[in-house]
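*Asks:* This is final29.csv, which holds CSV, N, CA and C atoms and all ligand atoms:
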chain,number,residue,atom,x,y,z
A,203,MET,N,41.2,-33.7,21.3
A,203,MET,CA,40.2,-33.6,22.4
A,203,MET,C,40.6,-34.3,23.7
A,204,HIS,N,40.3,-33.7,24.8
A,204,HIS,CA,40.6,-34.2,26.1
A,204,HIS,C,40.3,-35.6,26.4
A,205,GLU,N,39.1,-36.0,26.0
A,205,GLU,CA,38.6,-37.4,26.2
A,205,GLU,C,39.4,-38.4,25.5
A,206,TRP,N,39.8,-38.1,24.3
A,206,TRP,CA,40.6,-39.1,23.5
A,206,TRP,C,42.0,-39.2,24.1
A,207,ALA,N,42.6,-38.1,24.5
A,207,ALA,CA,43.9,-38.2,25.1
A,207,ALA,C,43.9,-39.0,26.4
A,208,LEU,N,42.8,-38.8,27.2
A,208,LEU,CA,42.7,-39.6,28.5
A,208,LEU,C,42.5,-41.1,28.2
A,209,ALA,N,41.6,-41.3,27.2
A,209,ALA,CA,41.4,-42.7,26.8
A,209,ALA,C,42.6,-43.4,26.4
A,210,GLU,N,43.4,-42.7,25.6
A,210,GLU,CA,44.7,-43.2,25.1
A,210,GLU,C,45.7,-43.5,26.3
A,211,SER,N,45.7,-42.6,27.2
A,211,SER,CA,46.7,-42.9,28.3
A,211,SER,C,46.2,-44.0,29.2
A,212,ILE,N,44.9,-44.2,29.4
A,212,ILE,CA,44.3,-45.3,30.1
A,212,ILE,C,44.7,-46.6,29.4
A,213,LEU,N,44.5,-46.7,28.1
A,213,LEU,CA,44.8,-47.9,27.4
A,213,LEU,C,46.3,-48.2,27.4
A,214,SER,N,47.2,-47.2,27.3
A,214,SER,CA,48.6,-47.6,27.3
A,214,SER,C,49.0,-48.0,28.7
A,215,ALA,N,48.4,-47.4,29.7
A,215,ALA,CA,48.7,-47.9,31.1
A,215,ALA,C,48.3,-49.3,31.3
A,216,ALA,N,47.1,-49.6,30.7
A,216,ALA,CA,46.5,-51.0,30.9
A,216,ALA,C,47.4,-52.0,30.1
A,217,GLN,N,47.9,-51.6,29.0
A,217,GLN,CA,48.8,-52.5,28.2
A,217,GLN,C,50.1,-52.7,28.9
A,218,GLU,N,50.6,-51.7,29.6
A,218,GLU,CA,51.9,-51.8,30.3
A,218,GLU,C,51.7,-52.8,31.5
A,219,THR,N,50.6,-52.7,32.2
A,219,THR,CA,50.3,-53.6,33.3
A,219,THR,C,50.1,-55.0,32.8
A,220,ALA,N,49.5,-55.2,31.6
A,220,ALA,CA,49.3,-56.5,31.0
A,220,ALA,C,50.7,-57.1,30.7
A,221,GLU,N,51.6,-56.3,30.2
A,221,GLU,CA,52.9,-56.8,29.9
A,221,GLU,C,53.6,-57.3,31.2
A,222,LYS,N,53.5,-56.5,32.2
A,222,LYS,CA,54.2,-56.8,33.5
A,222,LYS,C,53.6,-58.1,34.1
A,223,GLU,N,52.3,-58.3,33.9
A,223,GLU,CA,51.7,-59.4,34.5
A,223,GLU,C,51.5,-60.6,33.5
A,224,HIS,N,52.2,-60.5,32.4
A,224,HIS,CA,52.2,-61.5,31.3
A,224,HIS,C,50.8,-61.9,30.9
A,225,LEU,N,49.9,-61.0,30.8
A,225,LEU,CA,48.5,-61.3,30.3
A,225,LEU,C,48.6,-61.2,28.7
A,226,LYS,N,47.9,-62.3,28.2
A,226,LYS,CA,47.8,-62.3,26.7
A,226,LYS,C,46.7,-61.4,26.2
A,227,THR,N,45.6,-61.5,27.0
A,227,THR,CA,44.5,-60.6,26.6
A,227,THR,C,44.0,-59.9,27.8
A,228,ILE,N,43.4,-58.7,27.6
A,228,ILE,CA,42.8,-58.0,28.7
A,228,ILE,C,41.3,-58.1,28.5
A,229,ASN,N,40.6,-58.6,29.5
A,229,ASN,CA,39.1,-58.8,29.3
A,229,ASN,C,38.3,-57.7,29.9
A,230,GLU,N,38.8,-57.1,30.9
A,230,GLU,CA,38.0,-56.1,31.6
A,230,GLU,C,38.9,-55.0,32.2
A,231,ILE,N,38.5,-53.8,32.0
A,231,ILE,CA,39.2,-52.6,32.6
A,231,ILE,C,38.2,-51.8,33.4
A,232,THR,N,38.5,-51.7,34.7
A,232,THR,CA,37.6,-50.8,35.5
A,232,THR,C,38.3,-49.5,35.7
A,233,ILE,N,37.5,-48.4,35.4
A,233,ILE,CA,38.1,-47.1,35.4
A,233,ILE,C,37.4,-46.2,36.4
A,234,LEU,N,38.1,-45.5,37.2
A,234,LEU,CA,37.5,-44.6,38.2
A,234,LEU,C,37.6,-43.2,37.6
A,235,LEU,N,36.4,-42.6,37.5
A,235,LEU,CA,36.3,-41.3,36.9
A,235,LEU,C,35.9,-40.3,38.0
A,236,GLY,N,36.8,-39.4,38.3
A,236,GLY,CA,36.6,-38.4,39.3
A,236,GLY,C,35.3,-37.6,39.1
A,237,GLU,N,34.6,-37.3,40.2
A,237,GLU,CA,33.4,-36.5,40.1
A,237,GLU,C,33.7,-35.1,39.6
A,238,LEU,N,34.9,-34.6,39.8
A,238,LEU,CA,35.2,-33.3,39.4
A,238,LEU,C,36.0,-33.3,38.1
A,239,GLN,N,36.2,-34.4,37.5
A,239,GLN,CA,36.9,-34.5,36.2
A,239,GLN,C,36.0,-34.0,35.1
A,240,GLN,N,36.4,-33.0,34.4
A,240,GLN,CA,35.6,-32.4,33.4
A,240,GLN,C,35.7,-33.1,32.1
A,241,ILE,N,35.0,-34.3,32.0
A,241,ILE,CA,35.0,-34.9,30.7
A,241,ILE,C,33.6,-35.5,30.4
A,242,GLU,N,33.3,-35.6,29.1
A,242,GLU,CA,32.1,-36.2,28.7
A,242,GLU,C,32.2,-37.7,28.8
A,243,HIS,N,31.3,-38.2,29.7
A,243,HIS,CA,31.3,-39.7,29.9
A,243,HIS,C,31.1,-40.5,28.6
A,244,ASP,N,30.2,-40.1,27.8
A,244,ASP,CA,29.9,-40.8,26.5
A,244,ASP,C,31.0,-40.8,25.5
A,245,ILE,N,31.6,-39.6,25.4
A,245,ILE,CA,32.7,-39.4,24.4
A,245,ILE,C,33.9,-40.3,24.9
A,246,PHE,N,34.1,-40.2,26.2
A,246,PHE,CA,35.2,-41.0,26.8
A,246,PHE,C,35.1,-42.5,26.6
A,247,GLU,N,33.9,-43.0,26.8
A,247,GLU,CA,33.6,-44.4,26.6
A,247,GLU,C,33.8,-44.8,25.1
A,248,PHE,N,33.2,-43.9,24.2
A,248,PHE,CA,33.3,-44.1,22.8
A,248,PHE,C,34.8,-44.1,22.4
A,249,ALA,N,35.6,-43.2,22.9
A,249,ALA,CA,37.0,-43.1,22.6
A,249,ALA,C,37.7,-44.4,23.0
A,250,LEU,N,37.4,-44.9,24.2
A,250,LEU,CA,38.0,-46.1,24.7
A,250,LEU,C,37.8,-47.3,23.8
A,251,LYS,N,36.5,-47.4,23.4
A,251,LYS,CA,36.1,-48.5,22.5
A,251,LYS,C,36.8,-48.4,21.1
A,252,GLU,N,36.8,-47.2,20.6
A,252,GLU,CA,37.4,-47.0,19.3
A,252,GLU,C,38.9,-47.3,19.3
A,253,LEU,N,39.6,-46.7,20.3
A,253,LEU,CA,41.0,-46.9,20.4
A,253,LEU,C,41.4,-48.4,20.7
A,254,ALA,N,40.5,-49.1,21.5
A,254,ALA,CA,40.8,-50.5,21.8
A,254,ALA,C,40.9,-51.3,20.5
A,255,LYS,N,40.1,-50.9,19.5
A,255,LYS,CA,40.1,-51.7,18.2
A,255,LYS,C,41.4,-51.6,17.5
A,256,THR,N,42.1,-50.5,17.7
A,256,THR,CA,43.3,-50.3,16.9
A,256,THR,C,44.6,-50.5,17.7
A,257,GLU,N,44.4,-50.8,19.0
A,257,GLU,CA,45.5,-50.9,19.9
A,257,GLU,C,46.1,-52.3,20.0
A,258,GLY,N,45.8,-53.2,19.1
A,258,GLY,CA,46.4,-54.5,19.1
A,258,GLY,C,45.5,-55.6,19.7
A,259,LYS,N,46.1,-56.8,19.6
A,259,LYS,CA,45.3,-58.0,20.0
A,259,LYS,C,44.8,-58.0,21.4
A,260,LYS,N,45.7,-57.6,22.3
A,260,LYS,CA,45.4,-57.7,23.8
A,260,LYS,C,44.0,-57.1,24.1
A,261,LEU,N,43.6,-56.1,23.4
A,261,LEU,CA,42.4,-55.3,23.7
A,261,LEU,C,41.2,-55.6,22.9
A,262,LYS,N,41.3,-56.7,22.1
A,262,LYS,CA,40.3,-57.0,21.1
A,262,LYS,C,38.9,-57.2,21.8
A,263,HIS,N,38.9,-57.9,22.9
A,263,HIS,CA,37.6,-58.3,23.5
A,263,HIS,C,37.4,-57.6,24.9
A,264,VAL,N,38.0,-56.5,25.0
A,264,VAL,CA,38.0,-55.8,26.4
A,264,VAL,C,36.6,-55.2,26.6
A,265,LYS,N,36.2,-55.2,27.9
A,265,LYS,CA,35.0,-54.5,28.3
A,265,LYS,C,35.4,-53.4,29.3
A,266,PHE,N,34.7,-52.3,29.2
A,266,PHE,CA,35.1,-51.2,30.1
A,266,PHE,C,34.0,-51.0,31.1
A,267,HIS,N,34.4,-50.8,32.4
A,267,HIS,CA,33.4,-50.4,33.4
A,267,HIS,C,33.9,-49.1,33.9
A,268,ILE,N,33.0,-48.1,33.8
A,268,ILE,CA,33.4,-46.8,34.3
A,268,ILE,C,32.6,-46.5,35.6
A,269,LYS,N,33.4,-46.3,36.7
A,269,LYS,CA,32.7,-45.9,37.9
A,269,LYS,C,33.0,-44.5,38.3
A,270,GLN,N,32.1,-43.9,39.0
A,270,GLN,CA,32.4,-42.5,39.4
A,270,GLN,C,33.0,-42.5,40.8
A,271,GLU,N,34.1,-41.8,40.9
A,271,GLU,CA,34.7,-41.6,42.2
A,271,GLU,C,34.3,-40.3,42.8
A,272,LYS,N,33.8,-40.4,44.1
A,272,LYS,CA,33.4,-39.2,44.8
A,272,LYS,C,34.6,-38.3,45.1
A,273,SER,N,34.3,-37.0,45.0
A,273,SER,CA,35.4,-36.1,45.3
A,273,SER,C,35.5,-35.8,46.8
A,274,MET,N,36.7,-35.7,47.3
A,274,MET,CA,37.0,-35.3,48.7
A,274,MET,C,37.9,-34.0,48.7
A,275,LEU,N,37.6,-33.2,49.6
A,275,LEU,CA,38.4,-32.0,49.8
A,275,LEU,C,39.1,-31.9,51.1
A,276,GLN,N,40.2,-31.3,51.2
A,276,GLN,CA,40.9,-31.1,52.4
A,276,GLN,C,41.4,-29.7,52.6
A,277,CYS,N,41.1,-29.2,53.8
A,277,CYS,CA,41.5,-27.9,54.2
A,277,CYS,C,43.0,-27.8,54.4
A,278,THR,N,43.7,-26.8,53.8
A,278,THR,CA,45.1,-26.8,53.9
A,278,THR,C,45.6,-26.2,55.2
A,279,ARG,N,44.6,-25.6,56.0
A,279,ARG,CA,45.0,-25.0,57.2
A,279,ARG,C,44.8,-25.9,58.4
A,280,CYS,N,43.6,-26.6,58.5
A,280,CYS,CA,43.4,-27.4,59.7
A,280,CYS,C,43.3,-28.9,59.3
A,281,GLU,N,43.5,-29.2,58.0
A,281,GLU,CA,43.5,-30.6,57.5
A,281,GLU,C,42.2,-31.4,57.7
A,282,HIS,N,41.2,-30.7,57.9
A,282,HIS,CA,39.8,-31.3,58.0
A,282,HIS,C,39.5,-31.7,56.5
A,283,THR,N,38.9,-32.9,56.4
A,283,THR,CA,38.4,-33.4,55.1
A,283,THR,C,36.9,-33.5,55.0
A,284,TRP,N,36.4,-33.2,53.8
A,284,TRP,CA,34.9,-33.3,53.7
A,284,TRP,C,34.7,-33.6,52.2
A,285,SER,N,33.4,-34.1,52.0
A,285,SER,CA,33.1,-34.6,50.6
A,285,SER,C,32.5,-33.4,49.8
A,286,PHE,N,32.6,-33.6,48.5
A,286,PHE,CA,32.0,-32.6,47.6
A,286,PHE,C,30.5,-32.6,47.8
A,287,ASP,N,29.9,-33.8,48.1
A,287,ASP,CA,28.5,-33.9,48.3
A,287,ASP,C,28.1,-33.0,49.5
A,288,GLU,N,28.8,-33.1,50.6
A,288,GLU,CA,28.5,-32.2,51.8
A,288,GLU,C,28.6,-30.8,51.4
A,289,MET,N,29.6,-30.5,50.6
A,289,MET,CA,29.8,-29.1,50.2
A,289,MET,C,28.6,-28.5,49.3
A,290,LYS,N,28.2,-29.4,48.5
A,290,LYS,CA,27.0,-29.0,47.6
A,290,LYS,C,25.8,-28.6,48.4
A,291,LYS,N,25.6,-29.3,49.5
A,291,LYS,CA,24.4,-29.0,50.4
A,291,LYS,C,24.5,-27.6,50.9
A,292,THR,N,25.7,-27.1,51.1
A,292,THR,CA,25.8,-25.8,51.7
A,292,THR,C,25.7,-24.7,50.6
A,293,LEU,N,25.7,-25.1,49.4
A,293,LEU,CA,25.6,-24.1,48.3
A,293,LEU,C,24.2,-24.1,47.7
A,294,GLY,N,23.9,-23.0,47.0
A,294,GLY,CA,22.6,-22.9,46.3
A,294,GLY,C,22.7,-23.9,45.1
A,295,ILE,N,21.5,-24.2,44.6
A,295,ILE,CA,21.4,-25.1,43.4
A,295,ILE,C,22.2,-24.5,42.2
A,296,ASP,N,22.1,-23.3,42.0
A,296,ASP,CA,22.8,-22.7,40.8
A,296,ASP,C,24.3,-22.8,41.0
A,297,GLU,N,24.8,-22.6,42.2
A,297,GLU,CA,26.3,-22.7,42.4
A,297,GLU,C,26.7,-24.1,42.3
A,298,ALA,N,26.0,-25.0,42.8
A,298,ALA,CA,26.3,-26.5,42.7
A,298,ALA,C,26.4,-26.9,41.3
A,299,GLU,N,25.4,-26.4,40.5
A,299,GLU,CA,25.4,-26.7,39.1
A,299,GLU,C,26.6,-26.1,38.3
A,300,ALA,N,27.0,-24.9,38.7
A,300,ALA,CA,28.1,-24.3,38.0
A,300,ALA,C,29.4,-25.0,38.4
A,301,ILE,N,29.5,-25.5,39.6
A,301,ILE,CA,30.7,-26.2,40.0
A,301,ILE,C,30.9,-27.5,39.3
A,302,HIS,N,29.7,-28.1,38.9
A,302,HIS,CA,29.8,-29.3,38.2
A,302,HIS,C,30.5,-29.1,36.8
A,303,PHE,N,30.3,-27.9,36.2
A,303,PHE,CA,30.9,-27.6,35.0
A,303,PHE,C,32.3,-27.0,35.1
A,304,ILE,N,32.4,-26.1,36.1
A,304,ILE,CA,33.7,-25.4,36.3
A,304,ILE,C,34.1,-25.6,37.8
A,305,PRO,N,34.8,-26.7,38.1
A,305,PRO,CA,35.2,-27.0,39.5
A,305,PRO,C,35.9,-25.9,40.2
A,306,GLU,N,36.6,-25.0,39.4
A,306,GLU,CA,37.3,-23.9,40.1
A,306,GLU,C,36.4,-23.0,40.8
A,307,ILE,N,35.2,-22.9,40.5
A,307,ILE,CA,34.2,-22.1,41.2
A,307,ILE,C,34.1,-22.5,42.6
A,308,ALA,N,34.3,-23.8,42.9
A,308,ALA,CA,34.3,-24.3,44.3
A,308,ALA,C,35.3,-23.6,45.2
A,309,PHE,N,36.4,-23.2,44.6
A,309,PHE,CA,37.4,-22.5,45.3
A,309,PHE,C,37.0,-21.0,45.7
A,310,VAL,N,36.1,-20.5,44.9
A,310,VAL,CA,35.7,-19.1,45.1
A,310,VAL,C,34.6,-19.1,46.2
A,311,HIS,N,33.7,-20.0,46.2
A,311,HIS,CA,32.5,-20.0,47.1
A,311,HIS,C,32.6,-20.7,48.4
A,312,ALA,N,33.4,-21.8,48.3
A,312,ALA,CA,33.4,-22.7,49.5
A,312,ALA,C,34.4,-22.3,50.6
A,313,ARG,N,34.1,-22.7,51.8
A,313,ARG,CA,35.0,-22.5,52.9
A,313,ARG,C,35.1,-23.9,53.7
A,314,CYS,N,36.1,-24.0,54.4
A,314,CYS,CA,36.3,-25.2,55.2
A,314,CYS,C,35.1,-25.2,56.3
A,315,PRO,N,34.4,-26.4,56.4
A,315,PRO,CA,33.3,-26.4,57.3
A,315,PRO,C,33.7,-26.3,58.8
A,316,LYS,N,35.0,-26.5,59.1
A,316,LYS,CA,35.5,-26.5,60.4
A,316,LYS,C,36.1,-25.2,60.8
A,317,CYS,N,37.0,-24.6,60.0
A,317,CYS,CA,37.7,-23.4,60.4
A,317,CYS,C,37.4,-22.2,59.5
A,318,SER,N,36.5,-22.4,58.5
A,318,SER,CA,36.1,-21.4,57.6
A,318,SER,C,37.2,-20.8,56.7
A,319,SER,N,38.3,-21.6,56.6
A,319,SER,CA,39.4,-21.2,55.7
A,319,SER,C,39.0,-21.4,54.2
A,320,PRO,N,39.3,-20.4,53.4
A,320,PRO,CA,39.0,-20.6,51.9
A,320,PRO,C,40.1,-21.4,51.2
A,321,ASP,N,41.1,-21.9,51.9
A,321,ASP,CA,42.2,-22.6,51.3
A,321,ASP,C,42.0,-24.1,51.4
A,322,PHE,N,41.7,-24.8,50.3
A,322,PHE,CA,41.6,-26.2,50.4
A,322,PHE,C,42.0,-26.9,49.1
A,323,ASP,N,42.3,-28.1,49.1
A,323,ASP,CA,42.7,-28.9,47.9
A,323,ASP,C,41.7,-30.0,47.7
A,324,ILE,N,41.6,-30.3,46.4
A,324,ILE,CA,40.8,-31.5,46.0
A,324,ILE,C,41.8,-32.7,46.1
A,325,ILE,N,41.5,-33.6,47.1
A,325,ILE,CA,42.5,-34.7,47.3
A,325,ILE,C,42.0,-35.9,46.6
A,326,LYS,N,40.8,-36.0,46.2
A,326,LYS,CA,40.3,-37.2,45.6
A,326,LYS,C,39.2,-36.9,44.6
A,327,GLY,N,39.1,-37.7,43.5
A,327,GLY,CA,38.0,-37.5,42.6
A,327,GLY,C,38.1,-36.4,41.6
A,328,ARG,N,39.4,-36.1,41.2
A,328,ARG,CA,39.6,-35.1,40.2
A,328,ARG,C,40.1,-35.7,38.9
A,329,GLY,N,40.8,-36.8,39.0
A,329,GLY,CA,41.4,-37.4,37.8
A,329,GLY,C,40.7,-38.6,37.3
A,330,VAL,N,41.4,-39.3,36.4
A,330,VAL,CA,40.9,-40.6,35.9
A,330,VAL,C,42.0,-41.6,36.2
A,331,SER,N,41.6,-42.8,36.8
A,331,SER,CA,42.6,-43.8,37.1
A,331,SER,C,42.0,-45.2,36.8
A,332,ILE,N,42.9,-46.2,36.7
A,332,ILE,CA,42.5,-47.5,36.5
A,332,ILE,C,42.3,-48.2,37.9
A,333,SER,N,41.2,-48.7,38.2
A,333,SER,CA,41.1,-49.4,39.5
A,333,SER,C,41.4,-50.9,39.4
A,334,SER,N,41.0,-51.5,38.3
A,334,SER,CA,41.5,-52.9,38.1
A,334,SER,C,41.5,-53.3,36.7
A,335,ILE,N,42.3,-54.4,36.4
A,335,ILE,CA,42.4,-55.0,35.1
A,335,ILE,C,42.3,-56.5,35.2
A,336,LYS,N,41.4,-57.0,34.4
A,336,LYS,CA,41.3,-58.5,34.4
A,336,LYS,C,41.7,-59.0,33.1
A,337,GLY,N,42.4,-60.1,33.1
A,337,GLY,CA,42.9,-60.7,31.8
A,337,GLY,C,43.2,-62.1,32.0
A,338,SER,N,43.8,-62.7,30.9
A,338,SER,CA,44.2,-64.1,31.0
A,338,SER,C,45.5,-64.3,30.1
B,401,ZN,ZN,39.9,-25.9,58.0
Here is a file; write its structure as structure tokens.

*Replies:*
Amino acid sequence: MHEWALAESILSAAQETAEKEHLKTINEITILLGELQQIEHDIFEFALKELAKTEGKKLKHVKFHIKQEKSMLQCTRCEHTWSFDEMKKTLGIDEAEAIHFIPEIAFVHARCPKCSSPDFDIIKGRGVSISSIKGS
């Protein structure tokens, strides 16, 4: 499952950072979850907690904070950037709902608000990343 694979890569990245910074234990990991990342928040958190139990001593008492990262889009033609929130306002409720589940739909319906180009990239808020690690 997608959530478990992501949780595993977050934990191994956290452990690598802990090694580099000579931390004996990791107390807190703050994770940024992109608005357009298609994962189940609950399953992801469960996977993190379950995997932390088996990933060794460093992660025994770790706490996870999961924050949502807002998505940003950028036009490939005029380089204008805008947020996914702004984009949702221009769409109907049904379309905005569909995009939440299938972000690719955004590419079909949306246009750059400045030059009306249909070509744009998601430059922020699509992936999962670690924003901070606290340990001792
Ligand atoms: Zn544009």

*Asks:* Can you tell me, as a compact mmCIF listing (two decimals) with N, CA and C atoms, in the frame of the given file, what residues are no more than 7 Å from segment 227-234 of chain A when counting only C-alpha atoms, ignoring any on the same chain fewer than 4 positions away?

*Replies:*
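Resulting contents of around_27.txt:
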# COMPACT_ATOMS: atom_id res chain seq x y z
N LYS A 260 45.70 -57.60 22.30
CA LYS A 260 45.40 -57.70 23.80
C LYS A 260 44.00 -57.10 24.10
N LEU A 261 43.60 -56.10 23.40
CA LEU A 261 42.40 -55.30 23.70
C LEU A 261 41.20 -55.60 22.90
N HIS A 263 38.90 -57.90 22.90
CA HIS A 263 37.60 -58.30 23.50
C HIS A 263 37.40 -57.60 24.90
N VAL A 264 38.00 -56.50 25.00
CA VAL A 264 38.00 -55.80 26.40
C VAL A 264 36.60 -55.20 26.60
N LYS A 265 36.20 -55.20 27.90
CA LYS A 265 35.00 -54.50 28.30
C LYS A 265 35.40 -53.40 29.30
N PHE A 266 34.70 -52.30 29.20
CA PHE A 266 35.10 -51.20 30.10
C PHE A 266 34.00 -51.00 31.10
N HIS A 267 34.40 -50.80 32.40
CA HIS A 267 33.40 -50.40 33.40
C HIS A 267 33.90 -49.10 33.90
N ILE A 268 33.00 -48.10 33.80
CA ILE A 268 33.40 -46.80 34.30
C ILE A 268 32.60 -46.50 35.60
N LYS A 269 33.40 -46.30 36.70
CA LYS A 269 32.70 -45.90 37.90
C LYS A 269 33.00 -44.50 38.30
N GLN A 270 32.10 -43.90 39.00
CA GLN A 270 32.40 -42.50 39.40
C GLN A 270 33.00 -42.50 40.80
N GLU A 271 34.10 -41.80 40.90
CA GLU A 271 34.70 -41.60 42.20
C GLU A 271 34.30 -40.30 42.80
N VAL A 330 41.40 -39.30 36.40
CA VAL A 330 40.90 -40.60 35.90
C VAL A 330 42.00 -41.60 36.20
N SER A 331 41.60 -42.80 36.80
CA SER A 331 42.60 -43.80 37.10
C SER A 331 42.00 -45.20 36.80
N ILE A 332 42.90 -46.20 36.70
CA ILE A 332 42.50 -47.50 36.50
C ILE A 332 42.30 -48.20 37.90
N SER A 333 41.20 -48.70 38.20
CA SER A 333 41.10 -49.40 39.50
C SER A 333 41.40 -50.90 39.40
N SER A 334 41.00 -51.50 38.30
CA SER A 334 41.50 -52.90 38.10
C SER A 334 41.50 -53.30 36.70
N ILE A 335 42.30 -54.40 36.40
CA ILE A 335 42.40 -55.00 35.10
C ILE A 335 42.30 -56.50 35.20
N LYS A 336 41.40 -57.00 34.40
CA LYS A 336 41.30 -58.50 34.40
C LYS A 336 41.70 -59.00 33.10
N GLY A 337 42.40 -60.10 33.10
CA GLY A 337 42.90 -60.70 31.80
C GLY A 337 43.20 -62.10 32.00
N SER A 338 43.80 -62.70 30.90
CA SER A 338 44.20 -64.10 31.00
C SER A 338 45.50 -64.30 30.10

*Asks:* Which value, in Å to one decimal, gives the distance between atom CA of Lys272 of chain A and atom CA of Leu250 of chain A?

*Replies:*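 Going from atom CA of Lys272 of chain A over to atom CA of Leu250 of chain A covers 21.7 Å.
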
*Asks:* Taking a cut-off of 6.5 Å and counting all atoms listed in the file, can you build a table that, for each residue of chain A near ligand ZN 401 (chain B), reports the nearest atom pair and how far apart they are in Å (one decimal), sorted by chain then residue number, as JSON lines?

*Replies:*
{"residue": "A:Cys277", "atom": "CA", "partner": "B:ZN401", "partner_atom": "ZN", "distance": 4.6}
{"residue": "A:Thr278", "atom": "N", "partner": "B:ZN401", "partner_atom": "ZN", "distance": 5.7}
{"residue": "A:Arg279", "atom": "C", "partner": "B:ZN401", "partner_atom": "ZN", "distance": 4.9}
{"residue": "A:Cys280", "atom": "N", "partner": "B:ZN401", "partner_atom": "ZN", "distance": 3.8}
{"residue": "A:Glu281", "atom": "N", "partner": "B:ZN401", "partner_atom": "ZN", "distance": 4.9}
{"residue": "A:His282", "atom": "N", "partner": "B:ZN401", "partner_atom": "ZN", "distance": 5.0}
{"residue": "A:Cys314", "atom": "CA", "partner": "B:ZN401", "partner_atom": "ZN", "distance": 4.6}
{"residue": "A:Pro315", "atom": "N", "partner": "B:ZN401", "partner_atom": "ZN", "distance": 5.7}
{"residue": "A:Lys316", "atom": "C", "partner": "B:ZN401", "partner_atom": "ZN", "distance": 4.8}
{"residue": "A:Cys317", "atom": "N", "partner": "B:ZN401", "partner_atom": "ZN", "distance": 3.8}
{"residue": "A:Ser318", "atom": "N", "partner": "B:ZN401", "partner_atom": "ZN", "distance": 4.9}
{"residue": "A:Ser319", "atom": "N", "partner": "B:ZN401", "partner_atom": "ZN", "distance": 4.8}

*Asks:* Between atom C of Phe286 of chain A and atom C of Phe248 of chain A, measure the distance and give it in Å to one decimal.

*Replies:*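 If I compute the distance from atom C of Phe286 of chain A to atom C of Phe248 of chain A, I get 28.2 Å.
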
*Asks:* I'd like the interatomic distance between atom C of Ala209 of chain A and atom CA of Ala249 of chain A, to a tenth of an Å.

*Replies:* 6.8 Å

*Asks:* What are the DSSP strand (DSSP E) residues of segment 222-324 of chain A, as a ChimeraX atom specification?

*Replies:* /A:228-236,265-271,274-277,283-285,322-324

*Asks:* With distances taken over only N, CA and C atoms, which of A:Leu213, A:Thr283, A:Gln276, A:Gln239 is nearest to Asp321 of chain A?

*Replies:*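 Smallest separation from Asp321 of chain A among the options: A:Gln276.
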
*Asks:* Taking the DSSP assignment computed from this structure's backbone, write out as a VMD selection string all residues of chain A that belong to helix (DSSP H, G or I).

*Replies:* chain A and resid 204 to 222 243 to 256 259 to 261 286 to 292 295 to 303 307 to 311

*Asks:* So which one's closest to Leu225 of chain A, A:Arg328, A:Lys259, A:His311, A:His243? Using only C-alpha atoms, please.

*Replies:*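 Ranking A:Arg328, A:Lys259, A:His311, A:His243 by distance to Leu225 of chain A, first place goes to A:Lys259.
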
*Asks:* Which residues, written as a compact mmCIF listing (two decimals) with N, CA and C atoms, in the coordinates of the input, have at least one atom at most 10 Å from Ile324 of chain A, with only C-alpha atoms counted and residues fewer than 2 positions away on the same chain left out?

*Replies:*
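Heads up, here's the output in out_10.txt:
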# COMPACT_ATOMS: atom_id res chain seq x y z
N LEU A 238 34.90 -34.60 39.80
CA LEU A 238 35.20 -33.30 39.40
C LEU A 238 36.00 -33.30 38.10
N SER A 273 34.30 -37.00 45.00
CA SER A 273 35.40 -36.10 45.30
C SER A 273 35.50 -35.80 46.80
N MET A 274 36.70 -35.70 47.30
CA MET A 274 37.00 -35.30 48.70
C MET A 274 37.90 -34.00 48.70
N LEU A 275 37.60 -33.20 49.60
CA LEU A 275 38.40 -32.00 49.80
C LEU A 275 39.10 -31.90 51.10
N GLN A 276 40.20 -31.30 51.20
CA GLN A 276 40.90 -31.10 52.40
C GLN A 276 41.40 -29.70 52.60
N CYS A 277 41.10 -29.20 53.80
CA CYS A 277 41.50 -27.90 54.20
C CYS A 277 43.00 -27.80 54.40
N THR A 283 38.90 -32.90 56.40
CA THR A 283 38.40 -33.40 55.10
C THR A 283 36.90 -33.50 55.00
N TRP A 284 36.40 -33.20 53.80
CA TRP A 284 34.90 -33.30 53.70
C TRP A 284 34.70 -33.60 52.20
N SER A 285 33.40 -34.10 52.00
CA SER A 285 33.10 -34.60 50.60
C SER A 285 32.50 -33.40 49.80
N PHE A 286 32.60 -33.60 48.50
CA PHE A 286 32.00 -32.60 47.60
C PHE A 286 30.50 -32.60 47.80
N PRO A 305 34.80 -26.70 38.10
CA PRO A 305 35.20 -27.00 39.50
C PRO A 305 35.90 -25.90 40.20
N ALA A 308 34.30 -23.80 42.90
CA ALA A 308 34.30 -24.30 44.30
C ALA A 308 35.30 -23.60 45.20
N PHE A 309 36.40 -23.20 44.60
CA PHE A 309 37.40 -22.50 45.30
C PHE A 309 37.00 -21.00 45.70
N PHE A 322 41.70 -24.80 50.30
CA PHE A 322 41.60 -26.20 50.40
C PHE A 322 42.00 -26.90 49.10
N LYS A 326 40.80 -36.00 46.20
CA LYS A 326 40.30 -37.20 45.60
C LYS A 326 39.20 -36.90 44.60
N GLY A 327 39.10 -37.70 43.50
CA GLY A 327 38.00 -37.50 42.60
C GLY A 327 38.10 -36.40 41.60
N ARG A 328 39.40 -36.10 41.20
CA ARG A 328 39.60 -35.10 40.20
C ARG A 328 40.10 -35.70 38.90

*Asks:* Which residue out of A:Ala220, A:Ala312, A:Ala298, A:Ala207 has the minimum interatomic distance to Ile245 of chain A when only C-alpha atoms are used?

*Replies:*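 Nearest to Ile245 of chain A: A:Ala207.
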
*Asks:* Find, counting all atoms listed in the file, the residue in A:Asp323, A:Glu297, A:Glu205, A:Glu288 that gets nearest to Gln240 of chain A.

*Replies:*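 The shortest atom-to-atom distance to Gln240 of chain A comes from A:Glu205.
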